[in-house]
There are 2 protein chains.
Amino acid sequence: MGGRIGDISAPGRVAAPDEAIGLDELALAARNHGLPLEAMRYDLTPAGLHYVLVHYDIPATDADSWELTVSGRVRTALTLDMPTLRSFPAVTRRVTMECAGNGRARLSPRPVSQPWLVEAVGTADWTGVPLRTLLAEAGVAAEAVEVVFTGADHGVERGIEQDYRRSLPLPVAMGDDPEVLVAYAMNWGPLPPQHGSPLRLVVPGWYGMAQVKWLRDIALTDTPFTGFQQAVAYRYRQGADDPGEPVTRIAPRALMIPPGFPDFMSRARVVRPGEVPLEGRAWSGHAPVTKVEVSTDGGGSWSEAELAPADGHRWAWRRWQSSWAAAPGSHVLSVRATDADGRTQPLSQPWNRGGFANNLVQRISVLCLENGQAFTA
Amino acid sequence: MGGRIGDISAPGRVAAPDEAIGLDELALAARNHGLPLEAMRYDLTPAGLHYVLVHYDIPATDADSWELTVSGRVRTALTLDMPTLRSFPAVTRRVTMECAGNGRARLSPRPVSQPWLVEAVGTADWTGVPLRTLLAEAGVAAEAVEVVFTGADHGVERGIEQDYRRSLPLPVAMGDDPEVLVAYAMNWGPLPPQHGSPLRLVVPGWYGMAQVKWLRDIALTDTPFTGFQQAVAYRYRQGADDPGEPVTRIAPRALMIPPGFPDFMSRARVVRPGEVPLEGRAWSGHAPVTKVEVSTDGGGSWSEAELAPADGHRWAWRRWQSSWAAAPGSHVLSVRATDADGRTQPLSQPWNRGGFANNLVQRISVLCLENGQAFTA
């Protein structure tokens with residue numbers, strides 16, 4: 001009985017038109033998790049409610065012995081333990097993170113991977129050392145063009161055994177808009193294991209694939225990085241042979257806290273007639289959100305919601321609110337965000353083969369009961 | 001356009017033999033989450049890794065204004081705020097909790113509900129007031145037979161609008177084996193929102209449905225409680241008309257931390273030839289675990305694992321370890337627990353219509369590579 005690699009690690013694929021969620025997708029959905037949408041009520045997502053996507057296993061790490069190396073095209077290679085990292089001037093940034101695959105399971109046909117609907121998001125205060133501080137400490141060589149980040153999680157993906165590894169172009173790594181952090185605290189406490197304990201990258205405004213967790217090495221290179229997660233995964237492709245464009249910043253999205261109360265199994269919502277407050281959050285990694293619109297008739301018409309004042313947290317979601325005069329019957333509520341660059345959310349699916357950045361507007365089914373109508377057994 | 005309740009809240013059902021996971025099941029899997037099995041390495045499950053099942057929405061609660069009422073068949077009705085609850089002598093218990101639906105998605109045919117595989121488990125230190133202290137304070141009337149617990153989460157389920165509500169027989173509520181807690185701390189901090197902030201019930205050894213979260217009322221009754229979660233849901237039934245028996249204590253289960261490293265999509269494991277350490281946890285809500293056996297040939301033969309010494313935490317999982325001489329090829333690893341009452345885990349599925357307590361042994365697919373064999377693109 002031989003070991004056949006292809007039996008356990010297959011090429012990427014798109015589901016057949018009528019193919020339902022498989023046990024492999026379910027196993028990922030049971031491990032990883034999104035933000036229960038009612039938890040958007042918290043400015044800062046509490047521990048355990050922030051979305052989590054772990055590519056392989058959460059590695060066993062030890063903060064006391066952890067070392068971060070800075071190597072490659074630098075004047076002085078560095079080996080930094082946690083006390084040394086904490087001795088640099090610290091910065092805290094409030095950042096909304098979103099998985100690049102958020103919305104994937106709503107695509108048709110569905111790319112087979114972690115099957116997110118719309119909930120792969122969360123907001124935290126991240127504290128750490130600016131990456132450019134560490135790069136300045138090491139001294140960037142003139143020939144350096146990219147910075148490659150290696151995490152400690154190890155696995156195989158589409159036949160390639162790897163540590164999770166991603167790069168940033170040097171101007172992004174050294175930039176101040178956003179300023180990239182090497183973070184050791186989340187919401188003012190140590191990083192939880194699933195969020196990269198003891199050290200991770202935080203690239204405000206970029207999708208989650210850039211936020212390398214369990215960060216153990218930073219290497220400067222004189223050629224662009226062509227590893228799996230850069231050159232194979234996380235590209236916008238229309239077909240398997242399309243080289244595609246890299247996935248980078250977060251496309252605009254608004255989400256609504258589903259109003260009323262849910263049915264357990266369908267998650268459809270129930271309200272009673274009258275004014276129903278609507279609220280939620282909106283964000284974009286390209287530019288500040290400038291407009292949020294709500295539809296209560298399935299996208300037929302839209303009205304502008306009230307956007308909370310800017311609070312200085314450029315890279316965090318903004319609260320919005322509106323109100324709906326609910327009348328008996330079945331309704332579909334939607335919301336869409338537009339940012340200062342004029343980017344907005346599509347009403348038809350932005351399909352690509354990896355299922356990335358699907359910011360198709362949310363649809364919430366709501367049943368408004370007649371006055372006095374009650375559920376009965 | 002009328003509001004049709006049946007459109008959003010349907011009767012319980014069992015999937016057709018060839019029916020794959022539906023979008024309704026996926027929506028539950030994306031909100032709720034299990035324990036990533038590698039996190040069994042921690043004695044105490046860190047925040048955010050413990051399994052979570054929320055029936056409806058996480059309610060917006062405020063610990064500063066929270067009140068717990070003790071009412072019904074008591075001598076003196078009580079209204080207790082959080083400072084008062086903290087003023088009673090506190091008790092801390094280490095408890096392994098498991099969802100009654102754990103294993104449901106492995107059943108054939110599959111009951112349609114939250115589609116757990118094997119990961120709906122976690123262990124925490126819970127601190128609070130013994131329930132019997134509060135019942136003694138109120139004074140239990142002679143005619144009381146049950147204690148009904150009401151949480152603040154509100155929704156509809158199979159056509160019935162409800163606050164989540166469950167009961168315990170009075171002897172269980174007043175008992176000392178296990179001692180039931182009204183808990184306000186988890187792992188020595190306040191309860192996170194998804195675990196019942198600010199107050200929940202903890203019934204050591206019982207499945208999760210008994211552990212009422214966002215606890216706001218405790219009512220003593222002189223008749224058995226016949227609410228939905230007691231008389232309709234959470235019963236072992238073979239057919240829709242079978243009255244069934246109530247789901248109570250946790251059946252024995254052992255789980256293994258999947259060895260080696262995973263493929264991203266299949267979650268199958270990869271190891272290299274040689275000695276592979278195997279370890280995991282085992283628990284039972286009926287009696288202490290006395291034996292853990294491991295199979296590395298798909299259940300053909302079993303050998304006893306080493307069980308960690310009892311550590312005084314009767315209601316928490318126990319660590320076990322073993323070792324496997326891995327040879328190249330494809331393997332299936334399994335593990336099973338037996339408790340002091342002689343209960344063990346079945347090798348064929350213990351099917352029931354609700355999909356409860358499926359403690360069929362875990363099966364982990366492992367590919368052992370040839371020496372020197374590597375993955376390639």
# chains A, B, ... in the order shown; residues from 1 in each chain; ligands from 1
>>> interface_residues(of="chain B", to="chain A", cutoff="7 Å", atoms="only C-alpha atoms", output="ChimeraX atom specification")
/B:1-3,8-9,20-22,24,29-36,38,47-49,55-58,113,116,154-157,159-161,261-266,268,328-330,367-369,375-377
>>> select_by_dssp(residues="region 126-346 of chain B", states="alpha helix (DSSP H)", output="list in words")
Leu131, Arg132, Thr133, Leu134, Leu135, Ala136, Glu137, Ala138, Leu170, Pro171, Val172 and Ala173 of chain B
>>> residues_around(residues="region 287-297 of chain B", least_positions_apart="4", cutoff="7 Å", atoms="only C-alpha atoms", output="ChimeraX atom specification")
/B:282-283,301-305,307,314,331-341
>>> select_by_dssp(residues="region 94-298 of chain B", states="strand (DSSP E or B)", output="PyMOL selection string")
chain B and resi 94-98+111+121-130+140+146-157+160-169+176+179+181-186+189-190+200-202+206+215-221+235-236+245-246+249+253-256+261-263+269-271+274-283+289-295
>>> atom_distance(atom1="CA of Pro252 (chain A)", atom2="CA of Trp351 (chain A)")
15.8 Å
>>> atom_distance(atom1="CA of Ala136 (chain B)", atom2="CA of Pro204 (chain B)")
20.0 Å
>>> closest_residue(among="B:Asp222, B:Asp176, B:Glu98, B:Asp81", to="Asp62 (chain B)", atoms="only C-alpha atoms")
B:Asp81
>>> closest_atom_pairs(of="region 40-113 of chain A", to="region 235-238 of chain A", cutoff="12 Å", atoms="only C-alpha atoms", output="Markdown table")
| residue | atom | partner | partner_atom | distance |
| --- | --- | --- | --- | --- |
| A:Ala100 | CA | A:Arg235 | CA | 10.1 |
| A:Gly101 | CA | A:Arg235 | CA | 11.2 |
| A:Pro111 | CA | A:Gln238 | CA | 11.3 |
>>> write_last_selection(atoms="N, CA and C atoms", output="PDB file, in the first residue's frame")
ATOM      1  N   ALA A 100      -9.599  37.092   2.546  1.00  0.00           N
ATOM      2  CA  ALA A 100      -9.759  37.304   1.102  1.00  0.00           C
ATOM      3  C   ALA A 100     -10.842  36.403   0.530  1.00  0.00           C
ATOM      4  N   GLY A 101     -11.109  35.283   1.198  1.00  0.00           N
ATOM      5  CA  GLY A 101     -12.125  34.342   0.713  1.00  0.00           C
ATOM      6  C   GLY A 101     -13.526  34.652   1.213  1.00  0.00           C
ATOM      7  N   PRO A 111     -15.916  28.124  -5.931  1.00  0.00           N
ATOM      8  CA  PRO A 111     -14.552  27.605  -5.778  1.00  0.00           C
ATOM      9  C   PRO A 111     -14.467  26.792  -4.485  1.00  0.00           C
TER      10      PRO A 111
END
>>> residues_around(residues="Ser65 (chain A)", least_positions_apart="3", cutoff="12 Å", atoms="only C-alpha atoms", output="list in words")
Ala60, Thr61, Asp62, Leu68, Thr79, Leu80, Asp81, Met82, Pro83, Pro198 and Arg216 of chain A
>>> write_last_selection(atoms="all heavy atoms", output="PDB file, in the first residue's frame")
ATOM      1  N   ALA A  60       2.475  24.820  17.963  1.00  0.00           N
ATOM      2  CA  ALA A  60       2.830  24.938  19.378  1.00  0.00           C
ATOM      3  C   ALA A  60       3.989  25.924  19.467  1.00  0.00           C
ATOM      4  O   ALA A  60       5.074  25.641  18.945  1.00  0.00           O
ATOM      5  CB  ALA A  60       3.228  23.575  19.940  1.00  0.00           C
ATOM      6  N   THR A  61       3.767  27.081  20.087  1.00  0.00           N
ATOM      7  CA  THR A  61       4.807  28.098  20.163  1.00  0.00           C
ATOM      8  C   THR A  61       5.049  28.458  21.623  1.00  0.00           C
ATOM      9  O   THR A  61       4.192  28.219  22.475  1.00  0.00           O
ATOM     10  CB  THR A  61       4.401  29.369  19.399  1.00  0.00           C
ATOM     11  OG1 THR A  61       3.183  29.882  19.974  1.00  0.00           O
ATOM     12  CG2 THR A  61       4.147  29.071  17.927  1.00  0.00           C
ATOM     13  N   ASP A  62       6.193  29.045  21.879  1.00  0.00           N
ATOM     14  CA  ASP A  62       6.567  29.420  23.243  1.00  0.00           C
ATOM     15  C   ASP A  62       7.144  30.832  23.203  1.00  0.00           C
ATOM     16  O   ASP A  62       8.235  31.052  22.651  1.00  0.00           O
ATOM     17  CB  ASP A  62       7.591  28.413  23.774  1.00  0.00           C
ATOM     18  CG  ASP A  62       8.158  28.835  25.129  1.00  0.00           C
ATOM     19  OD1 ASP A  62       7.510  29.669  25.807  1.00  0.00           O
ATOM     20  OD2 ASP A  62       9.244  28.355  25.482  1.00  0.00           O
ATOM     21  N   LEU A  68      12.626  36.038  16.390  1.00  0.00           N
ATOM     22  CA  LEU A  68      12.342  36.531  15.049  1.00  0.00           C
ATOM     23  C   LEU A  68      13.673  36.884  14.397  1.00  0.00           C
ATOM     24  O   LEU A  68      14.463  37.647  14.973  1.00  0.00           O
ATOM     25  CB  LEU A  68      11.462  37.783  15.117  1.00  0.00           C
ATOM     26  CG  LEU A  68      11.238  38.507  13.789  1.00  0.00           C
ATOM     27  CD1 LEU A  68      10.399  37.669  12.834  1.00  0.00           C
ATOM     28  CD2 LEU A  68      10.588  39.877  14.024  1.00  0.00           C
ATOM     29  N   THR A  79      18.589  38.807  15.199  1.00  0.00           N
ATOM     30  CA  THR A  79      17.806  37.787  15.881  1.00  0.00           C
ATOM     31  C   THR A  79      17.204  38.453  17.103  1.00  0.00           C
ATOM     32  O   THR A  79      17.938  38.911  17.993  1.00  0.00           O
ATOM     33  CB  THR A  79      18.687  36.591  16.284  1.00  0.00           C
ATOM     34  OG1 THR A  79      19.240  36.005  15.089  1.00  0.00           O
ATOM     35  CG2 THR A  79      17.864  35.526  17.008  1.00  0.00           C
ATOM     36  N   LEU A  80      15.885  38.547  17.127  1.00  0.00           N
ATOM     37  CA  LEU A  80      15.202  39.360  18.130  1.00  0.00           C
ATOM     38  C   LEU A  80      14.303  38.479  18.985  1.00  0.00           C
ATOM     39  O   LEU A  80      13.436  37.770  18.465  1.00  0.00           O
ATOM     40  CB  LEU A  80      14.345  40.422  17.434  1.00  0.00           C
ATOM     41  CG  LEU A  80      15.082  41.316  16.425  1.00  0.00           C
ATOM     42  CD1 LEU A  80      14.094  42.033  15.502  1.00  0.00           C
ATOM     43  CD2 LEU A  80      15.953  42.329  17.174  1.00  0.00           C
ATOM     44  N   ASP A  81      14.510  38.511  20.311  1.00  0.00           N
ATOM     45  CA  ASP A  81      13.572  37.803  21.192  1.00  0.00           C
ATOM     46  C   ASP A  81      12.461  38.756  21.605  1.00  0.00           C
ATOM     47  O   ASP A  81      12.457  39.944  21.260  1.00  0.00           O
ATOM     48  CB  ASP A  81      14.297  37.177  22.385  1.00  0.00           C
ATOM     49  CG  ASP A  81      15.020  38.196  23.239  1.00  0.00           C
ATOM     50  OD1 ASP A  81      14.757  39.422  23.088  1.00  0.00           O
ATOM     51  OD2 ASP A  81      15.854  37.781  24.071  1.00  0.00           O
ATOM     52  N   MET A  82      11.489  38.252  22.332  1.00  0.00           N
ATOM     53  CA  MET A  82      10.314  39.067  22.656  1.00  0.00           C
ATOM     54  C   MET A  82      10.671  40.281  23.521  1.00  0.00           C
ATOM     55  O   MET A  82      10.172  41.380  23.249  1.00  0.00           O
ATOM     56  CB  MET A  82       9.230  38.198  23.306  1.00  0.00           C
ATOM     57  CG  MET A  82       8.666  37.116  22.384  1.00  0.00           C
ATOM     58  SD  MET A  82       7.896  37.755  20.861  1.00  0.00           S
ATOM     59  CE  MET A  82       6.546  38.680  21.563  1.00  0.00           C
ATOM     60  N   PRO A  83      11.513  40.132  24.553  1.00  0.00           N
ATOM     61  CA  PRO A  83      11.854  41.343  25.329  1.00  0.00           C
ATOM     62  C   PRO A  83      12.503  42.420  24.454  1.00  0.00           C
ATOM     63  O   PRO A  83      12.226  43.608  24.631  1.00  0.00           O
ATOM     64  CB  PRO A  83      12.819  40.821  26.404  1.00  0.00           C
ATOM     65  CG  PRO A  83      12.445  39.373  26.563  1.00  0.00           C
ATOM     66  CD  PRO A  83      12.039  38.914  25.193  1.00  0.00           C
ATOM     67  N   PRO A 198       3.461  34.022  19.378  1.00  0.00           N
ATOM     68  CA  PRO A 198       3.497  35.315  20.070  1.00  0.00           C
ATOM     69  C   PRO A 198       3.651  36.530  19.139  1.00  0.00           C
ATOM     70  O   PRO A 198       3.683  37.650  19.650  1.00  0.00           O
ATOM     71  CB  PRO A 198       4.749  35.176  20.947  1.00  0.00           C
ATOM     72  CG  PRO A 198       5.671  34.351  20.114  1.00  0.00           C
ATOM     73  CD  PRO A 198       4.798  33.407  19.319  1.00  0.00           C
ATOM     74  N   ARG A 216       8.200  34.114  12.197  1.00  0.00           N
ATOM     75  CA  ARG A 216       9.512  33.715  12.724  1.00  0.00           C
ATOM     76  C   ARG A 216      10.672  34.230  11.891  1.00  0.00           C
ATOM     77  O   ARG A 216      11.807  34.261  12.351  1.00  0.00           O
ATOM     78  CB  ARG A 216       9.586  32.202  12.904  1.00  0.00           C
ATOM     79  CG  ARG A 216       9.403  31.394  11.638  1.00  0.00           C
ATOM     80  CD  ARG A 216       9.647  29.919  11.931  1.00  0.00           C
ATOM     81  NE  ARG A 216       9.554  29.106  10.727  1.00  0.00           N
ATOM     82  CZ  ARG A 216      10.497  29.041   9.775  1.00  0.00           C
ATOM     83  NH1 ARG A 216      11.603  29.745   9.874  1.00  0.00           N
ATOM     84  NH2 ARG A 216      10.318  28.268   8.712  1.00  0.00           N
TER      85      ARG A 216
END
>>> residues_around(residues="Val147 (chain A)", least_positions_apart="2", cutoff="9 Å", atoms="only C-alpha atoms", output="PyMOL selection string")
chain A and resi 144-145+149+166-170+173+218-221+224-225
